[in-house]
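See below for run_5.cif, which holds mmCIF, C-alpha atoms and all ligand atoms.
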data_run
loop_
_atom_site.label_atom_id
_atom_site.label_comp_id
_atom_site.auth_asym_id
_atom_site.auth_seq_id
_atom_site.Cartn_x
_atom_site.Cartn_y
_atom_site.Cartn_z
CA MET M 6 0.00 0.00 0.00
CA SER M 7 1.18 3.54 -0.65
CA LYS M 8 1.79 6.24 1.90
CA LEU M 9 -0.05 9.58 1.59
CA LEU M 10 1.22 13.10 2.26
CA ILE M 11 -1.45 15.79 2.28
CA ILE M 12 -0.21 19.29 1.50
CA GLY M 13 -2.12 21.74 3.71
CA ALA M 14 -3.20 20.91 7.26
CA GLY M 15 -6.41 22.93 7.54
CA GLY M 16 -10.01 21.77 7.78
CA HIS M 17 -10.14 20.61 4.16
CA GLY M 18 -6.98 18.58 4.81
CA LYS M 19 -8.67 16.86 7.73
CA VAL M 20 -11.55 15.77 5.52
CA ILE M 21 -9.13 14.47 2.87
CA ALA M 22 -7.27 12.51 5.59
CA ASP M 23 -10.51 11.06 6.91
CA CYS M 24 -11.61 10.14 3.39
CA ALA M 25 -8.21 8.57 2.63
CA GLU M 26 -8.36 6.59 5.89
CA ALA M 27 -11.86 5.33 5.09
CA SER M 28 -10.73 4.29 1.60
CA CYS M 29 -8.18 1.84 3.14
CA GLN M 30 -5.90 2.78 0.23
CA PHE M 31 -2.91 3.98 2.28
CA SER M 32 -0.63 2.46 4.90
CA GLU M 33 0.22 5.87 6.40
CA ILE M 34 -1.32 9.36 6.25
CA ALA M 35 0.61 12.51 7.20
CA PHE M 36 0.68 16.23 6.41
CA LEU M 37 3.03 18.90 5.15
CA ASP M 38 2.16 22.42 6.31
CA ASP M 39 3.94 25.72 6.68
CA SER M 40 2.96 25.80 10.36
CA HIS M 41 5.52 23.03 10.99
CA PRO M 42 7.41 22.71 13.38
CA GLU M 43 5.20 24.88 15.64
CA ARG M 44 2.33 22.50 14.86
CA ASP M 45 3.09 18.82 14.65
CA THR M 46 -0.37 17.28 14.39
CA ASN M 47 -3.64 17.90 12.56
CA LEU M 48 -6.27 16.05 14.60
CA ALA M 49 -5.17 12.39 14.42
CA TRP M 50 -2.40 12.76 11.85
CA PRO M 51 1.21 14.03 12.12
CA ILE M 52 2.54 17.13 10.35
CA ILE M 53 6.05 16.06 9.38
CA ASP M 54 7.47 19.03 7.50
CA LYS M 55 6.76 22.33 5.72
CA SER M 56 4.77 22.32 2.46
CA SER M 57 7.78 23.59 0.53
CA ALA M 58 9.71 20.40 1.41
CA TRP M 59 7.48 18.16 -0.73
CA LYS M 60 10.23 17.27 -3.23
CA ILE M 61 12.17 15.40 -0.54
CA TYR M 62 9.22 13.04 -0.13
CA LYS M 63 8.17 12.44 -3.71
CA GLU M 64 9.62 8.96 -4.13
CA GLU M 65 8.31 7.73 -0.79
CA TYR M 66 4.79 9.20 -0.77
CA ASP M 67 1.73 9.86 -2.91
CA PHE M 68 0.35 13.39 -2.53
CA ALA M 69 -3.04 15.02 -2.01
CA LEU M 70 -3.58 18.76 -2.37
CA ALA M 71 -5.55 20.31 0.50
CA LEU M 72 -5.53 23.89 -0.73
CA GLY M 73 -9.07 25.24 -0.88
CA HIS M 74 -8.13 28.19 -3.12
CA ASN M 75 -8.58 26.91 -6.66
CA LYS M 76 -5.74 28.87 -8.28
CA SER M 77 -3.26 27.89 -5.54
CA ARG M 78 -4.30 24.26 -5.83
CA LEU M 79 -3.88 24.31 -9.61
CA ALA M 80 -0.41 25.90 -9.32
CA MET M 81 0.64 23.25 -6.79
CA TYR M 82 -0.82 20.50 -8.97
CA LYS M 83 1.21 21.73 -11.96
CA ALA M 84 4.43 21.92 -9.93
CA LEU M 85 3.99 18.36 -8.65
CA GLN M 86 2.95 17.07 -12.05
CA ASP M 87 6.06 18.61 -13.66
CA SER M 88 8.07 16.70 -11.11
CA ASN M 89 6.25 13.42 -11.85
CA ALA M 90 4.91 13.21 -8.29
CA ARG M 91 2.08 10.72 -7.78
CA MET M 92 -1.33 12.30 -7.04
CA PRO M 93 -4.07 9.64 -6.91
CA ASN M 94 -7.78 10.37 -6.83
CA ILE M 95 -9.19 9.90 -3.34
CA VAL M 96 -12.80 8.77 -3.23
CA HIS M 97 -14.75 8.15 -0.04
CA PRO M 98 -16.20 4.61 0.05
CA ARG M 99 -19.61 6.14 0.67
CA ALA M 100 -19.49 8.39 -2.37
CA VAL M 101 -21.33 6.96 -5.37
CA VAL M 102 -19.19 7.29 -8.45
CA SER M 103 -20.34 5.50 -11.58
CA LYS M 104 -17.77 3.25 -13.19
CA HIS M 105 -18.59 5.14 -16.40
CA VAL M 106 -16.88 8.29 -15.15
CA SER M 107 -13.55 9.63 -16.39
CA LEU M 108 -11.32 11.04 -13.63
CA GLY M 109 -7.96 12.79 -14.15
CA ALA M 110 -5.60 12.96 -11.16
CA ALA M 111 -5.51 14.59 -7.72
CA ASN M 112 -9.31 14.79 -7.39
CA VAL M 113 -11.09 14.28 -4.07
CA ILE M 114 -14.68 13.05 -3.83
CA PHE M 115 -16.13 13.13 -0.34
CA ALA M 116 -18.80 11.18 1.53
CA GLY M 117 -22.31 11.36 0.14
CA ALA M 118 -21.28 12.80 -3.21
CA VAL M 119 -22.82 11.28 -6.33
CA VAL M 120 -21.14 11.39 -9.74
CA ASN M 121 -23.31 9.89 -12.44
CA PRO M 122 -22.40 8.09 -15.70
CA GLY M 123 -20.88 9.94 -18.62
CA VAL M 124 -19.23 12.57 -16.38
CA SER M 125 -15.67 13.66 -17.11
CA ILE M 126 -13.64 15.37 -14.36
CA GLY M 127 -10.20 16.90 -15.02
CA ASN M 128 -7.52 17.28 -12.34
CA ALA M 129 -7.29 18.70 -8.82
CA CYS M 130 -11.08 19.05 -8.39
CA ILE M 131 -13.02 18.87 -5.14
CA ILE M 132 -16.43 17.19 -5.19
CA ASN M 133 -17.33 18.05 -1.63
CA THR M 134 -19.62 16.36 0.89
CA GLY M 135 -23.04 15.52 -0.52
CA ALA M 136 -22.51 17.33 -3.84
CA THR M 137 -23.98 15.79 -6.98
CA VAL M 138 -22.72 15.91 -10.56
CA ASP M 139 -25.25 14.43 -12.89
CA HIS M 140 -24.93 12.55 -16.17
CA ASP M 141 -22.66 13.78 -18.93
CA CYS M 142 -21.27 16.85 -17.12
CA THR M 143 -17.77 17.90 -18.14
CA LEU M 144 -15.59 19.51 -15.46
CA GLY M 145 -12.18 21.04 -16.20
CA ASP M 146 -9.33 21.47 -13.70
CA ALA M 147 -9.22 22.86 -10.14
CA ILE M 148 -13.00 23.14 -9.78
CA HIS M 149 -14.72 23.03 -6.40
CA ILE M 150 -18.30 21.79 -6.08
CA SER M 151 -19.06 22.70 -2.46
CA PRO M 152 -21.10 20.69 0.03
CA GLY M 153 -24.65 20.09 -1.12
CA ALA M 154 -24.27 21.76 -4.53
CA ASN M 155 -26.02 20.08 -7.45
CA LEU M 156 -25.20 20.10 -11.14
CA ALA M 157 -27.96 18.81 -13.43
CA GLY M 158 -27.08 16.78 -16.52
CA THR M 159 -24.73 17.85 -19.32
CA VAL M 160 -23.33 20.95 -17.64
CA SER M 161 -19.89 22.02 -18.85
CA VAL M 162 -17.82 23.70 -16.13
CA GLY M 163 -14.68 25.75 -16.89
CA ASP M 164 -11.39 25.48 -15.01
CA LEU M 165 -11.13 27.17 -11.58
CA THR M 166 -14.89 27.49 -11.09
CA TRP M 167 -16.30 27.34 -7.58
CA PHE M 168 -19.93 26.38 -6.89
CA GLY M 169 -20.74 27.58 -3.35
CA VAL M 170 -22.50 25.52 -0.70
CA GLY M 171 -26.04 24.56 -1.70
CA SER M 172 -25.88 26.18 -5.14
CA CYS M 173 -27.11 24.51 -8.30
CA SER M 174 -27.10 24.58 -12.07
CA VAL M 175 -29.85 23.65 -14.51
CA GLN M 176 -29.03 21.14 -17.23
CA SER M 177 -27.27 21.68 -20.54
CA ILE M 178 -25.50 24.99 -19.91
CA ASP M 179 -21.86 26.11 -20.03
CA ILE M 180 -20.20 27.70 -17.01
CA ALA M 181 -17.28 29.97 -17.94
CA PHE M 182 -13.69 29.57 -16.76
CA ASN M 183 -13.19 31.01 -13.23
CA THR M 184 -16.85 31.50 -12.36
CA GLN M 185 -17.71 31.85 -8.68
CA VAL M 186 -21.27 30.84 -7.77
CA GLY M 187 -22.46 32.13 -4.39
CA ALA M 188 -23.98 29.97 -1.68
CA GLY M 189 -27.54 28.97 -2.56
CA ALA M 190 -27.48 30.45 -6.07
CA ALA M 191 -29.29 28.81 -8.99
CA VAL M 192 -27.52 29.18 -12.32
CA THR M 193 -30.17 29.05 -15.03
CA ASN M 194 -28.25 30.27 -18.08
CA SER M 195 -24.75 29.77 -19.45
CA THR M 196 -22.27 32.21 -17.91
CA GLN M 197 -20.39 34.08 -20.61
CA ALA M 198 -17.68 35.62 -18.46
CA SER M 199 -15.68 34.91 -15.35
CA GLY M 200 -17.10 36.66 -12.27
CA LEU M 201 -19.22 36.32 -9.15
CA TYR M 202 -22.79 35.13 -9.70
CA VAL M 203 -25.32 35.16 -6.86
CA GLY M 204 -29.03 34.73 -6.28
CA VAL M 205 -31.98 32.87 -7.79
CA PRO M 206 -31.74 33.08 -10.73
CA ALA M 207 -28.01 33.81 -10.50
CA LYS M 208 -26.83 37.21 -11.78
CA ARG M 209 -23.29 38.39 -12.33
CA ILE M 210 -22.51 41.07 -9.73
CA LYS M 211 -18.75 41.63 -9.95
CA ASP M 212 -15.37 40.63 -11.35
CA ILE M 213 -13.17 38.25 -9.40
CA ASP M 214 -9.38 37.72 -9.50
C1 LIG A 1 -16.56 22.45 3.75
C2 LIG A 1 -16.58 23.92 3.34
O1 LIG A 1 -16.66 24.78 4.15
S1 LIG A 1 -16.42 24.29 1.64
C3 LIG A 1 -16.67 26.04 1.51
C4 LIG A 1 -18.10 26.38 1.18
N1 LIG A 1 -18.26 27.85 1.23
C5 LIG A 1 -19.06 28.49 0.42
O2 LIG A 1 -19.72 27.89 -0.40
C6 LIG A 1 -19.02 29.97 0.54
C7 LIG A 1 -19.65 30.65 -0.66
N2 LIG A 1 -19.42 32.07 -0.51
C8 LIG A 1 -20.35 33.00 -0.70
O3 LIG A 1 -21.52 32.72 -0.99
C9 LIG A 1 -19.86 34.44 -0.55
O4 LIG A 1 -20.89 35.20 0.02
C10 LIG A 1 -19.43 35.01 -1.92
C11 LIG A 1 -18.13 34.32 -2.33
C12 LIG A 1 -20.50 34.75 -2.95
C13 LIG A 1 -19.26 36.51 -1.88
O5 LIG A 1 -18.19 36.90 -1.10
P1 LIG A 1 -17.52 38.37 -1.32
O6 LIG A 1 -16.78 38.40 -2.61
O7 LIG A 1 -16.76 38.66 -0.06
O8 LIG A 1 -18.73 39.33 -1.54
P2 LIG A 1 -19.51 40.21 -0.47
O9 LIG A 1 -19.72 39.46 0.81
O10 LIG A 1 -18.83 41.54 -0.43
O11 LIG A 1 -20.93 40.36 -1.17
C14 LIG A 1 -21.14 41.13 -2.33
C15 LIG A 1 -22.63 41.30 -2.48
O12 LIG A 1 -23.21 40.02 -2.82
C16 LIG A 1 -24.18 39.63 -1.84
N3 LIG A 1 -24.01 38.20 -1.64
C17 LIG A 1 -22.90 37.57 -1.19
N4 LIG A 1 -23.10 36.24 -1.17
C18 LIG A 1 -24.36 36.04 -1.62
C19 LIG A 1 -25.11 34.87 -1.82
N5 LIG A 1 -24.61 33.67 -1.58
N6 LIG A 1 -26.37 35.01 -2.31
C20 LIG A 1 -26.89 36.25 -2.55
N7 LIG A 1 -26.20 37.39 -2.37
C21 LIG A 1 -24.96 37.29 -1.92
C22 LIG A 1 -23.86 40.45 -0.61
O13 LIG A 1 -24.99 40.64 0.20
C23 LIG A 1 -23.36 41.73 -1.23
O14 LIG A 1 -24.47 42.50 -1.66
P3 LIG A 1 -24.48 44.11 -1.51
O15 LIG A 1 -23.30 44.60 -2.35
O16 LIG A 1 -25.81 44.50 -2.04
O17 LIG A 1 -24.28 44.37 -0.06
#
Give the structure from this file in structure tokens form.
Amino acid sequence: MSKLLIIGAGGHGKVIADCAEASCQFSEIAFLDDSHPERDTNLAWPIIDKSSAWKIYKEEYDFALALGHNKSRLAMYKALQDSNARMPNIVHPRAVVSKHVSLGAANVIFAGAVVNPGVSIGNACIINTGATVDHDCTLGDAIHISPGANLAGTVSVGDLTWFGVGSCSVQSIDIAFNTQVGAGAAVTNSTQASGLYVGVPAKRIKDID
């Protein structure tokens, strides 16, 4: 069995560790975090070094990326990928993921999530607790579908997009690169431009970085 190093020892990291433990895929789970050596544990798991030290560990460990910020996670993913580090997908045993789903690398799919057949997910995405991604959706890289968010069928989601907690999308629309969907929003039309969309139906209210 492989050993897992999770980069980032915050709350999201804890959920990845718990998910990895439940998957029985790893013989050891530990963290890298910039708070080391002042902090040496994250709940039940040790923090063994700073995040920047990851290269030292790349032969010995697989990696998971616990950076909630989509752009930071994508940058870290690219750095590790360039270095041929191993970044498996981590799927909670109580997530329902169709075998007819295409998954890239470094994705996490948490408990209660459902990913239906025909879905394609890129790299470094978070399908958070209880989120659903219905048939034939296409997700790019470094996307976060927050807890309880729901995508109907055949939605195309651009890289770096974040669906907030409890938000949703109707079927058969395209969500632009780097779209941020506020908590509880309902996206009812394709989004043409990056930006923050809130409300029901969701409206674009401002630019984002
Ligand atoms: C396990 C986990 O914890 S995963 C993390 C899950 N977290 C989330 O899903 C959080 C989602 N975040 C949100 O919904 C935030 O409110 C954001 C990102 C949409 C907006 O944050 P900010 O960029 O700081 O915007 P700000 O708070 O200044 O709000 C801008 C305007 O939008 C409104 N607004 C903000 N969020 C929402 C929302 N979800 N729905 C409707 N209106 C909203 C504000 O009231 C404000 O309106 P005003 O200008 O008339 O006063």
*Which residues sit within 12 Å of ligand LIG 1 (chain A), counting all atoms listed in the file, listed as a PyMOL selection string?*
chain M and resi 15-21+71-75+115-116+131-136+148-154+166-173+184-192+200-214
_Restricting the calculation to all atoms listed in the file: of M:Arg91, M:Ser177, M:Gly127, M:Ile12, which residue gets closest to Lys55 in chain M?_
M:Ile12
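Interatomic distance, CA of Ser199 in chain M against CA of Gly117 in chain M: 29.0 Å.
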_Atomic separation - CA of Cys24 in chain M relative to CA of His97 in chain M, Å_ = 5.1 Å
*Please provide as a ChimeraX atom specification all residues within 10 Å of range 78-82 of chain M, with the sequence filter that same-chain residues fewer than 5 positions apart are discarded (counting only C-alpha atoms).*
/M:12,68-73,87-88,90,92,110-111,128-130,146-148,164-165
Write the selection just made, keeping C-alpha atoms, as a PDB file, in the coordinates of the input?
ATOM      1  CA  ILE M  12      -0.210  19.290   1.500  1.00  0.00           C
ATOM      2  CA  PHE M  68       0.350  13.390  -2.530  1.00  0.00           C
ATOM      3  CA  ALA M  69      -3.040  15.020  -2.010  1.00  0.00           C
ATOM      4  CA  LEU M  70      -3.580  18.760  -2.370  1.00  0.00           C
ATOM      5  CA  ALA M  71      -5.550  20.310   0.500  1.00  0.00           C
ATOM      6  CA  LEU M  72      -5.530  23.890  -0.730  1.00  0.00           C
ATOM      7  CA  GLY M  73      -9.070  25.240  -0.880  1.00  0.00           C
ATOM      8  CA  ASP M  87       6.060  18.610 -13.660  1.00  0.00           C
ATOM      9  CA  SER M  88       8.070  16.700 -11.110  1.00  0.00           C
ATOM     10  CA  ALA M  90       4.910  13.210  -8.290  1.00  0.00           C
ATOM     11  CA  MET M  92      -1.330  12.300  -7.040  1.00  0.00           C
ATOM     12  CA  ALA M 110      -5.600  12.960 -11.160  1.00  0.00           C
ATOM     13  CA  ALA M 111      -5.510  14.590  -7.720  1.00  0.00           C
ATOM     14  CA  ASN M 128      -7.520  17.280 -12.340  1.00  0.00           C
ATOM     15  CA  ALA M 129      -7.290  18.700  -8.820  1.00  0.00           C
ATOM     16  CA  CYS M 130     -11.080  19.050  -8.390  1.00  0.00           C
ATOM     17  CA  ASP M 146      -9.330  21.470 -13.700  1.00  0.00           C
ATOM     18  CA  ALA M 147      -9.220  22.860 -10.140  1.00  0.00           C
ATOM     19  CA  ILE M 148     -13.000  23.140  -9.780  1.00  0.00           C
ATOM     20  CA  ASP M 164     -11.390  25.480 -15.010  1.00  0.00           C
ATOM     21  CA  LEU M 165     -11.130  27.170 -11.580  1.00  0.00           C
TER      22      LEU M 165
END
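Among the candidates M:Ile61, M:Val124, M:Gly109, M:Ser195, the residue lying nearest to Ala181 in chain M is M:Ser195 (atoms considered: all atoms listed in the file).
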*For CA of Lys83 in chain M and CA of Lys8 in chain M, determine how far apart the two atoms are, in Å to one decimal place.*
20.8 Å
*Neighbours of Glu33 in chain M within 9 Å (all atoms listed in the file; same-chain residues fewer than 4 positions away dropped), as a count of residues only?*
6
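With all atoms listed in the file as the basis for measurement, M:Cys142 is the residue among M:Ile95, M:Cys142, M:Ala27, M:Leu108 that approaches Leu156 in chain M most closely.
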